[in-house]
file structure-v6.txt (compact mmCIF, C-alpha atoms and all ligand atoms)
# COMPACT_ATOMS: atom_id res chain seq x y z
CA MET A 19 -1.78 10.42 17.50
CA GLU A 20 -1.05 13.76 15.91
CA LEU A 21 -0.43 13.63 12.15
CA ASN A 22 3.21 14.54 12.71
CA GLU A 23 3.62 11.46 14.93
CA VAL A 24 1.67 9.19 12.57
CA ILE A 25 3.94 10.16 9.69
CA LYS A 26 7.16 9.86 11.63
CA THR A 27 6.42 6.56 13.40
CA ARG A 28 5.02 4.56 10.47
CA ARG A 29 7.43 1.81 9.51
CA SER A 30 7.18 -1.19 7.23
CA ILE A 31 5.98 -4.09 9.36
CA ARG A 32 6.83 -7.63 8.28
CA GLN A 33 5.99 -9.59 11.42
CA TYR A 34 2.35 -10.09 12.27
CA GLU A 35 0.22 -11.94 14.80
CA GLU A 36 -0.98 -14.99 12.92
CA GLY A 37 -4.69 -15.65 13.00
CA PHE A 38 -5.63 -12.07 13.84
CA VAL A 39 -8.48 -10.87 11.67
CA VAL A 40 -8.65 -7.20 10.76
CA PRO A 41 -12.35 -6.31 10.97
CA PHE A 42 -13.88 -5.55 7.60
CA GLU A 43 -15.18 -2.23 8.93
CA ASP A 44 -11.61 -1.20 9.75
CA LEU A 45 -10.43 -2.19 6.28
CA LYS A 46 -13.17 -0.05 4.78
CA LYS A 47 -12.20 2.92 6.95
CA ILE A 48 -8.57 2.48 5.91
CA ILE A 49 -9.48 2.31 2.22
CA GLU A 50 -11.69 5.35 2.64
CA ALA A 51 -8.55 7.28 3.63
CA GLY A 52 -7.04 6.21 0.31
CA MET A 53 -9.97 7.72 -1.50
CA TYR A 54 -9.22 11.12 -0.03
CA ALA A 55 -5.89 11.32 -1.86
CA PRO A 56 -5.42 13.90 -4.59
CA SER A 57 -5.58 12.65 -8.16
CA ALA A 58 -4.74 14.17 -11.53
CA MET A 59 -7.82 15.89 -12.97
CA ARG A 60 -9.73 14.35 -10.05
CA ARG A 61 -10.03 11.13 -12.03
CA MET A 62 -9.61 8.93 -8.93
CA PRO A 63 -8.52 6.00 -11.11
CA TRP A 64 -7.92 3.73 -8.12
CA GLU A 65 -9.59 0.46 -7.25
CA PHE A 66 -8.94 -1.52 -4.09
CA LEU A 67 -9.08 -5.27 -3.72
CA ILE A 68 -9.23 -6.68 -0.20
CA ILE A 69 -7.57 -10.09 0.02
CA THR A 70 -8.26 -12.20 3.09
CA ASP A 71 -8.42 -15.65 1.51
CA GLN A 72 -5.50 -17.61 2.95
CA VAL A 73 -5.05 -19.64 -0.24
CA LEU A 74 -4.77 -16.46 -2.29
CA LEU A 75 -2.44 -14.83 0.22
CA ASN A 76 -0.29 -17.93 0.09
CA GLU A 77 -0.18 -17.79 -3.69
CA ILE A 78 0.84 -14.13 -3.56
CA GLU A 79 3.53 -14.97 -1.04
CA LYS A 80 4.91 -17.68 -3.31
CA THR A 81 4.76 -15.56 -6.46
CA HIS A 82 6.06 -12.29 -5.03
CA ASN A 83 9.74 -12.53 -4.15
CA TYR A 84 9.56 -10.05 -1.27
CA ALA A 85 6.25 -10.66 0.50
CA SER A 86 7.02 -13.66 2.67
CA PHE A 87 4.75 -12.25 5.39
CA ALA A 88 1.55 -12.02 3.30
CA THR A 89 -0.16 -15.02 4.87
CA SER A 90 0.73 -14.16 8.46
CA ALA A 91 -0.55 -10.60 8.02
CA GLY A 92 -3.99 -12.04 7.35
CA ALA A 93 -4.96 -9.40 4.84
CA MET A 94 -3.63 -7.47 1.90
CA ILE A 95 -5.04 -4.58 -0.02
CA ALA A 96 -4.18 -4.73 -3.70
CA VAL A 97 -3.96 -1.13 -4.87
CA CYS A 98 -5.06 -1.13 -8.48
CA LEU A 99 -5.21 1.28 -11.40
CA ASP A 100 -8.15 1.60 -13.75
CA LYS A 101 -6.23 2.39 -16.94
CA THR A 102 -9.35 3.77 -18.63
CA LYS A 103 -9.67 6.51 -16.00
CA GLU A 104 -6.14 7.77 -15.47
CA HIS A 105 -5.12 11.19 -16.75
CA ALA A 106 -2.08 11.43 -19.01
CA GLY A 107 -0.20 8.47 -17.60
CA MET A 108 -0.38 9.77 -14.05
CA GLY A 109 -2.42 6.91 -12.66
CA VAL A 110 0.40 5.19 -10.81
CA ILE A 111 1.08 8.45 -8.99
CA ASP A 112 -2.59 8.71 -7.99
CA VAL A 113 -2.63 5.13 -6.73
CA SER A 114 0.61 5.69 -4.85
CA LEU A 115 -0.74 8.75 -3.07
CA ALA A 116 -3.82 6.74 -2.08
CA SER A 117 -1.50 3.98 -0.86
CA GLN A 118 0.34 6.28 1.52
CA ASN A 119 -2.96 7.52 2.96
CA ILE A 120 -3.92 3.88 3.51
CA MET A 121 -0.70 3.06 5.33
CA LEU A 122 -0.89 6.15 7.52
CA MET A 123 -4.53 5.56 8.46
CA ALA A 124 -3.80 1.89 9.23
CA HIS A 125 -0.86 2.90 11.42
CA GLU A 126 -2.98 5.46 13.25
CA MET A 127 -5.49 2.68 13.95
CA GLY A 128 -2.80 0.44 15.41
CA TYR A 129 -2.19 -1.83 12.41
CA GLY A 130 1.07 -2.61 10.72
CA THR A 131 1.49 -2.41 6.96
CA CYS A 132 4.12 -3.03 4.34
CA TYR A 133 3.91 -1.85 0.75
CA CYS A 134 4.96 -4.59 -1.65
CA GLY A 135 5.59 -3.23 -5.11
CA VAL A 136 4.67 -5.10 -8.25
CA TYR A 137 7.22 -4.55 -11.00
CA PRO A 138 5.47 -3.33 -14.19
CA GLU A 139 6.69 -6.40 -16.10
CA ARG A 140 4.97 -8.57 -13.49
CA HIS A 141 1.57 -6.86 -13.58
CA GLU A 142 0.18 -9.59 -15.82
CA GLU A 143 1.06 -12.31 -13.31
CA PHE A 144 -0.68 -10.60 -10.40
CA ASN A 145 -3.59 -9.44 -12.55
CA LYS A 146 -4.13 -13.08 -13.36
CA ILE A 147 -3.87 -14.38 -9.79
CA LEU A 148 -6.39 -11.80 -8.62
CA GLN A 149 -8.56 -12.17 -11.73
CA VAL A 150 -8.84 -8.44 -12.33
CA PRO A 151 -10.49 -7.32 -15.60
CA PRO A 152 -8.22 -6.29 -18.52
CA HIS A 153 -8.50 -2.54 -17.89
CA ILE A 154 -7.13 -2.94 -14.35
CA ASP A 155 -3.50 -3.29 -13.24
CA VAL A 156 -2.39 -4.38 -9.77
CA ILE A 157 0.15 -1.68 -8.89
CA GLY A 158 1.04 -2.82 -5.41
CA LEU A 159 0.02 -5.00 -2.49
CA ILE A 160 -0.20 -3.62 1.03
CA SER A 161 -0.05 -6.19 3.81
CA ILE A 162 -2.06 -5.29 6.86
CA GLY A 163 -2.34 -6.95 10.23
CA LYS A 164 -1.61 -6.77 13.93
CA PRO A 165 2.06 -5.83 14.28
CA LEU A 166 4.42 -8.14 16.15
CA GLU A 167 7.45 -5.94 15.81
CA THR A 168 8.26 -2.42 16.84
CA LYS A 169 10.78 -0.34 15.02
CA GLY A 170 12.62 2.79 15.96
CA CYS A 171 12.13 5.93 14.03
CA PRO A 172 15.52 7.62 13.59
CA PRO A 173 15.40 11.16 12.24
CA ARG A 174 15.34 11.28 8.45
CA TYR A 175 15.44 14.96 7.68
CA ASP A 176 18.36 15.52 5.32
CA GLU A 177 19.33 19.07 4.60
CA ASN A 178 21.30 17.93 1.53
CA LYS A 179 18.10 16.87 -0.20
CA VAL A 180 16.42 20.22 0.15
CA HIS A 181 16.96 22.81 -2.54
CA ILE A 182 15.66 26.32 -2.62
CA ASN A 183 14.57 28.06 -5.77
CA LYS A 184 16.99 27.07 -8.56
CA TRP A 185 19.02 23.91 -7.76
C1 LIG B 1 7.50 1.02 -4.35
C2 LIG B 1 7.85 0.24 -3.11
C3 LIG B 1 8.02 -1.12 -3.21
C4 LIG B 1 8.30 -1.87 -2.07
N1 LIG B 1 8.35 -3.22 -2.16
C5 LIG B 1 8.57 -3.96 -1.06
C6 LIG B 1 8.53 -5.38 -1.12
O1 LIG B 1 8.30 -5.97 -2.17
N2 LIG B 1 8.72 -6.07 0.03
C7 LIG B 1 8.98 -5.45 1.22
O2 LIG B 1 9.15 -6.16 2.22
N3 LIG B 1 9.01 -4.09 1.31
C8 LIG B 1 8.81 -3.34 0.22
N4 LIG B 1 8.77 -1.97 0.31
C9 LIG B 1 8.99 -1.32 1.61
C10 LIG B 1 10.37 -0.66 1.70
O3 LIG B 1 11.36 -1.66 1.81
C11 LIG B 1 10.39 0.28 2.92
O4 LIG B 1 9.40 1.26 2.77
C12 LIG B 1 11.74 0.96 3.11
O5 LIG B 1 12.73 0.01 3.46
C13 LIG B 1 11.71 2.04 4.19
O6 LIG B 1 11.30 1.49 5.42
P1 LIG B 1 10.03 2.06 6.22
O7 LIG B 1 8.82 1.81 5.36
O8 LIG B 1 9.99 1.25 7.49
O9 LIG B 1 10.22 3.50 6.46
C14 LIG B 1 8.49 -1.22 -0.81
C15 LIG B 1 8.30 0.16 -0.74
C16 LIG B 1 7.98 0.88 -1.87
C17 LIG B 1 7.74 2.36 -1.73

call {"tool": "encode", "arguments": {"input": "structure-v6.txt", "output": "structure tokens", "more": "lines below"}}
Ligand SMILES: Cc1cc2nc3c(=O)[nH]c(=O)nc-3n(C[C@H](O)[C@H](O)[C@H](O)COP(=O)(O)O)c2cc1C
result
Amino acid sequence: MELNEVIKTRRSIRQYEEGFVVPFEDLKKIIEAGMYAPSAMRRMPWEFLIITDQVLLNEIEKTHNYASFATSAGAMIAVCLDKTKEHAGMGVIDVSLASQNIMLMAHEMGYGTCYCGVYPERHEEFNKILQVPPHIDVIGLISIGKPLETKGCPPRYDENKVHINKW
């Protein structure tokens, strides 16, 4: 797929083929794409936690109010921030840019993903479930698996949101 097509056909996938295992090598390639994202002062304050344990995925599903598909996806990538490395409070932006690279690469490879945000006030809860060290925050959880749904891609370009020079 051309980049233009990858970008325009990626959709959040919430239905997955149960029991399908995303090969570890593919997960690494997908995470590698995340590591090519830009980051403030090139700090690269991201950390990635691959979750394939069904018990853990089930716990995430039960704790997170909007990730009912975590277990069926078979894998999640927790996108995390190393708070000791971020520049001037820009770490969440860095991790988010890495996250989009991850979702685009996964889509290009034929996988479905859905970004599941973790509200800042709930970081502690997910940090605890995933036993991350104190300097790490779980910013989001990206489900990844073999897609069982296809979604259309209606045009999204909106001229009203584009401003030129001064607003
Ligand atoms: C910060 C953020 C948090 C999100 N959290 C959730 C979530 O908890 N559960 C979910 O099913 N989708 C979540 N999404 C996915 C959005 O619902 C989805 O991207 C949006 O509806 C647009 O659809 P599309 O991704 O198919 O283009 C989240 C997306 C973002 C960017």

call {"tool": "closest_residue", "arguments": {"input": "structure-v6.txt", "among": "A:Ile182, A:Ala85, A:Ala51, A:Ala124", "to": "ligand LIG 1 (chain B)", "atoms": "all atoms listed in the file"}}
result
A:Ala85

call {"tool": "closest_residue", "arguments": {"input": "structure-v6.txt", "among": "A:Met127, A:Met108, A:Cys132, A:Leu148", "to": "Gln33 of chain A", "atoms": "all atoms listed in the file"}}
result
A:Cys132

call {"tool": "axis_aligned_box", "arguments": {"input": "structure-v6.txt", "around": "ligand LIG 1 (chain B)", "padding_each_side": "5 Å", "output": "JSON"}}
result
{"center_x": 10.1, "center_y": -1.3, "center_z": 1.6, "size_x": 15.2, "size_y": 19.7, "size_z": 21.8}

call {"tool": "closest_residue", "arguments": {"input": "structure-v6.txt", "among": "A:Tyr175, A:Tyr34, A:Tyr137, A:Trp185", "to": "ligand LIG 1 (chain B)", "atoms": "only C-alpha atoms and all ligand atoms"}}
result
A:Tyr137

call {"tool": "residues_around", "arguments": {"input": "structure-v6.txt", "residues": "segment 121-123 of chain A", "least_positions_apart": "4", "cutoff": "7 Å", "atoms": "all atoms listed in the file", "output": "list in words"}}
result
Val24, Ile25, Arg28, Ile48, Ala51, Ser117, Met127 and Thr131 of chain A

call {"tool": "closest_residue", "arguments": {"input": "structure-v6.txt", "among": "A:Thr168, A:Gln118, A:Gln149, A:Ser161", "to": "Tyr84 of chain A", "atoms": "all atoms listed in the file"}}
result
A:Ser161

call {"tool": "closest_residue", "arguments": {"input": "structure-v6.txt", "among": "A:Ile120, A:Val180, A:Cys171, A:Val136", "to": "Glu23 of chain A", "atoms": "only C-alpha atoms"}}
result
A:Cys171

call {"tool": "closest_atom_pairs", "arguments": {"input": "structure-v6.txt", "of": "chain A", "to": "ligand LIG 1 (chain B)", "cutoff": "8 Å", "atoms": "only C-alpha atoms and all ligand atoms", "output": "JSON lines"}}
result
{"residue": "A:Arg28", "atom": "CA", "partner": "B:LIG1", "partner_atom": "O9", "distance": 6.7}
{"residue": "A:Arg29", "atom": "CA", "partner": "B:LIG1", "partner_atom": "O8", "distance": 3.3}
{"residue": "A:Ser30", "atom": "CA", "partner": "B:LIG1", "partner_atom": "O8", "distance": 3.7}
{"residue": "A:Ile31", "atom": "CA", "partner": "B:LIG1", "partner_atom": "O8", "distance": 6.9}
{"residue": "A:Arg32", "atom": "CA", "partner": "B:LIG1", "partner_atom": "O2", "distance": 6.7}
{"residue": "A:His82", "atom": "CA", "partner": "B:LIG1", "partner_atom": "O1", "distance": 7.3}
{"residue": "A:Asn83", "atom": "CA", "partner": "B:LIG1", "partner_atom": "O1", "distance": 7.0}
{"residue": "A:Tyr84", "atom": "CA", "partner": "B:LIG1", "partner_atom": "N2", "distance": 4.3}
{"residue": "A:Ala85", "atom": "CA", "partner": "B:LIG1", "partner_atom": "N2", "distance": 5.2}
{"residue": "A:Ser86", "atom": "CA", "partner": "B:LIG1", "partner_atom": "O2", "distance": 7.8}
{"residue": "A:Cys132", "atom": "CA", "partner": "B:LIG1", "partner_atom": "C9", "distance": 5.8}
{"residue": "A:Tyr133", "atom": "CA", "partner": "B:LIG1", "partner_atom": "C14", "distance": 4.9}
{"residue": "A:Cys134", "atom": "CA", "partner": "B:LIG1", "partner_atom": "O1", "distance": 3.7}
{"residue": "A:Gly135", "atom": "CA", "partner": "B:LIG1", "partner_atom": "C3", "distance": 3.7}
{"residue": "A:Val136", "atom": "CA", "partner": "B:LIG1", "partner_atom": "O1", "distance": 7.1}
{"residue": "A:Gly158", "atom": "CA", "partner": "B:LIG1", "partner_atom": "C3", "distance": 7.5}
{"residue": "A:Lys169", "atom": "CA", "partner": "B:LIG1", "partner_atom": "O8", "distance": 7.7}

call {"tool": "write_last_selection", "arguments": {"input": "structure-v6.txt", "atoms": "C-alpha atoms", "output": "PDB file, in the coordinates of the input"}}
result
ATOM      1  CA  ARG A  28       5.020   4.560  10.470  1.00  0.00           C
ATOM      2  CA  ARG A  29       7.430   1.810   9.510  1.00  0.00           C
ATOM      3  CA  SER A  30       7.180  -1.190   7.230  1.00  0.00           C
ATOM      4  CA  ILE A  31       5.980  -4.090   9.360  1.00  0.00           C
ATOM      5  CA  ARG A  32       6.830  -7.630   8.280  1.00  0.00           C
ATOM      6  CA  HIS A  82       6.060 -12.290  -5.030  1.00  0.00           C
ATOM      7  CA  ASN A  83       9.740 -12.530  -4.150  1.00  0.00           C
ATOM      8  CA  TYR A  84       9.560 -10.050  -1.270  1.00  0.00           C
ATOM      9  CA  ALA A  85       6.250 -10.660   0.500  1.00  0.00           C
ATOM     10  CA  SER A  86       7.020 -13.660   2.670  1.00  0.00           C
ATOM     11  CA  CYS A 132       4.120  -3.030   4.340  1.00  0.00           C
ATOM     12  CA  TYR A 133       3.910  -1.850   0.750  1.00  0.00           C
ATOM     13  CA  CYS A 134       4.960  -4.590  -1.650  1.00  0.00           C
ATOM     14  CA  GLY A 135       5.590  -3.230  -5.110  1.00  0.00           C
ATOM     15  CA  VAL A 136       4.670  -5.100  -8.250  1.00  0.00           C
ATOM     16  CA  GLY A 158       1.040  -2.820  -5.410  1.00  0.00           C
ATOM     17  CA  LYS A 169      10.780  -0.340  15.020  1.00  0.00           C
TER      18      LYS A 169
END

call {"tool": "residues_around", "arguments": {"input": "structure-v6.txt", "residues": "segment 40-47 of chain A", "least_positions_apart": "5", "cutoff": "10 Å", "atoms": "only C-alpha atoms", "output": "list in words"}}
result
Gly52, Met53, Phe66, Ile68, Thr70, Ala91, Gly92, Ala93, Met94, Ile95, Ile120, Met123, Ala124, Met127, Tyr129, Ile162, Gly163 and Lys164 of chain A

call {"tool": "atom_distance", "arguments": {"input": "structure-v6.txt", "atom1": "atom CA of Cys98 of chain A", "atom2": "atom CA of Val150 of chain A"}}
result
9.1 Å

call {"tool": "decode", "arguments": {"input": "structure-v6.txt", "residues": "segment 89-151 of chain A", "atoms": "C-alpha atoms", "output": "PDB file, in the first residue's frame"}}
result
ATOM      1  CA  THR A  89      -8.803 -10.259  25.031  1.00  0.00           C
ATOM      2  CA  SER A  90     -10.100 -11.161  21.575  1.00  0.00           C
ATOM      3  CA  ALA A  91      -7.408  -9.045  19.918  1.00  0.00           C
ATOM      4  CA  GLY A  92      -4.809 -11.314  21.470  1.00  0.00           C
ATOM      5  CA  ALA A  93      -2.268  -8.577  22.010  1.00  0.00           C
ATOM      6  CA  MET A  94      -1.945  -5.029  23.193  1.00  0.00           C
ATOM      7  CA  ILE A  95       0.944  -2.635  23.124  1.00  0.00           C
ATOM      8  CA  ALA A  96       1.013  -0.361  26.144  1.00  0.00           C
ATOM      9  CA  VAL A  97       2.575   2.882  24.976  1.00  0.00           C
ATOM     10  CA  CYS A  98       4.411   4.302  27.946  1.00  0.00           C
ATOM     11  CA  LEU A  99       6.226   7.480  28.909  1.00  0.00           C
ATOM     12  CA  ASP A 100       9.513   7.583  30.775  1.00  0.00           C
ATOM     13  CA  LYS A 101       8.914  10.755  32.791  1.00  0.00           C
ATOM     14  CA  THR A 102      12.629  11.151  33.507  1.00  0.00           C
ATOM     15  CA  LYS A 103      13.400  11.504  29.800  1.00  0.00           C
ATOM     16  CA  GLU A 104      10.678  13.767  28.448  1.00  0.00           C
ATOM     17  CA  HIS A 105      11.490  17.327  27.428  1.00  0.00           C
ATOM     18  CA  ALA A 106       9.461  20.149  28.962  1.00  0.00           C
ATOM     19  CA  GLY A 107       6.251  18.204  29.457  1.00  0.00           C
ATOM     20  CA  MET A 108       6.088  17.127  25.836  1.00  0.00           C
ATOM     21  CA  GLY A 109       6.384  13.410  26.489  1.00  0.00           C
ATOM     22  CA  VAL A 110       2.751  12.553  25.855  1.00  0.00           C
ATOM     23  CA  ILE A 111       3.052  14.178  22.434  1.00  0.00           C
ATOM     24  CA  ASP A 112       6.147  12.087  21.666  1.00  0.00           C
ATOM     25  CA  VAL A 113       4.412   8.889  22.745  1.00  0.00           C
ATOM     26  CA  SER A 114       1.335   9.807  20.729  1.00  0.00           C
ATOM     27  CA  LEU A 115       3.352  10.359  17.568  1.00  0.00           C
ATOM     28  CA  ALA A 116       4.992   6.959  18.099  1.00  0.00           C
ATOM     29  CA  SER A 117       1.535   5.472  18.611  1.00  0.00           C
ATOM     30  CA  GLN A 118       0.279   6.674  15.250  1.00  0.00           C
ATOM     31  CA  ASN A 119       3.350   5.213  13.523  1.00  0.00           C
ATOM     32  CA  ILE A 120       2.574   1.921  15.259  1.00  0.00           C
ATOM     33  CA  MET A 121      -1.035   1.888  14.099  1.00  0.00           C
ATOM     34  CA  LEU A 122      -0.133   2.781  10.530  1.00  0.00           C
ATOM     35  CA  MET A 123       2.601   0.150  10.301  1.00  0.00           C
ATOM     36  CA  ALA A 124       0.271  -2.486  11.791  1.00  0.00           C
ATOM     37  CA  HIS A 125      -2.426  -1.573   9.276  1.00  0.00           C
ATOM     38  CA  GLU A 126       0.042  -1.756   6.406  1.00  0.00           C
ATOM     39  CA  MET A 127       0.953  -5.263   7.597  1.00  0.00           C
ATOM     40  CA  GLY A 128      -2.685  -6.342   7.592  1.00  0.00           C
ATOM     41  CA  TYR A 129      -3.424  -6.033  11.313  1.00  0.00           C
ATOM     42  CA  GLY A 130      -6.211  -4.138  12.967  1.00  0.00           C
ATOM     43  CA  THR A 131      -5.599  -1.780  15.872  1.00  0.00           C
ATOM     44  CA  CYS A 132      -7.531   0.426  18.224  1.00  0.00           C
ATOM     45  CA  TYR A 133      -6.003   3.080  20.443  1.00  0.00           C
ATOM     46  CA  CYS A 134      -7.472   2.952  23.936  1.00  0.00           C
ATOM     47  CA  GLY A 135      -6.638   6.050  25.909  1.00  0.00           C
ATOM     48  CA  VAL A 136      -5.835   5.994  29.596  1.00  0.00           C
ATOM     49  CA  TYR A 137      -7.189   9.056  31.366  1.00  0.00           C
ATOM     50  CA  PRO A 138      -4.385  10.799  33.317  1.00  0.00           C
ATOM     51  CA  GLU A 139      -6.258  10.252  36.592  1.00  0.00           C
ATOM     52  CA  ARG A 140      -6.263   6.519  35.847  1.00  0.00           C
ATOM     53  CA  HIS A 141      -2.547   6.157  35.092  1.00  0.00           C
ATOM     54  CA  GLU A 142      -1.901   4.796  38.575  1.00  0.00           C
ATOM     55  CA  GLU A 143      -4.392   1.958  38.087  1.00  0.00           C
ATOM     56  CA  PHE A 144      -2.859   0.776  34.828  1.00  0.00           C
ATOM     57  CA  ASN A 145       0.695   1.366  36.029  1.00  0.00           C
ATOM     58  CA  LYS A 146      -0.124  -1.002  38.851  1.00  0.00           C
ATOM     59  CA  ILE A 147      -1.747  -3.701  36.705  1.00  0.00           C
ATOM     60  CA  LEU A 148       1.248  -3.713  34.380  1.00  0.00           C
ATOM     61  CA  GLN A 149       3.748  -3.327  37.223  1.00  0.00           C
ATOM     62  CA  VAL A 150       5.669  -0.531  35.540  1.00  0.00           C
ATOM     63  CA  PRO A 151       8.361   1.225  37.611  1.00  0.00           C
TER      64      PRO A 151
END
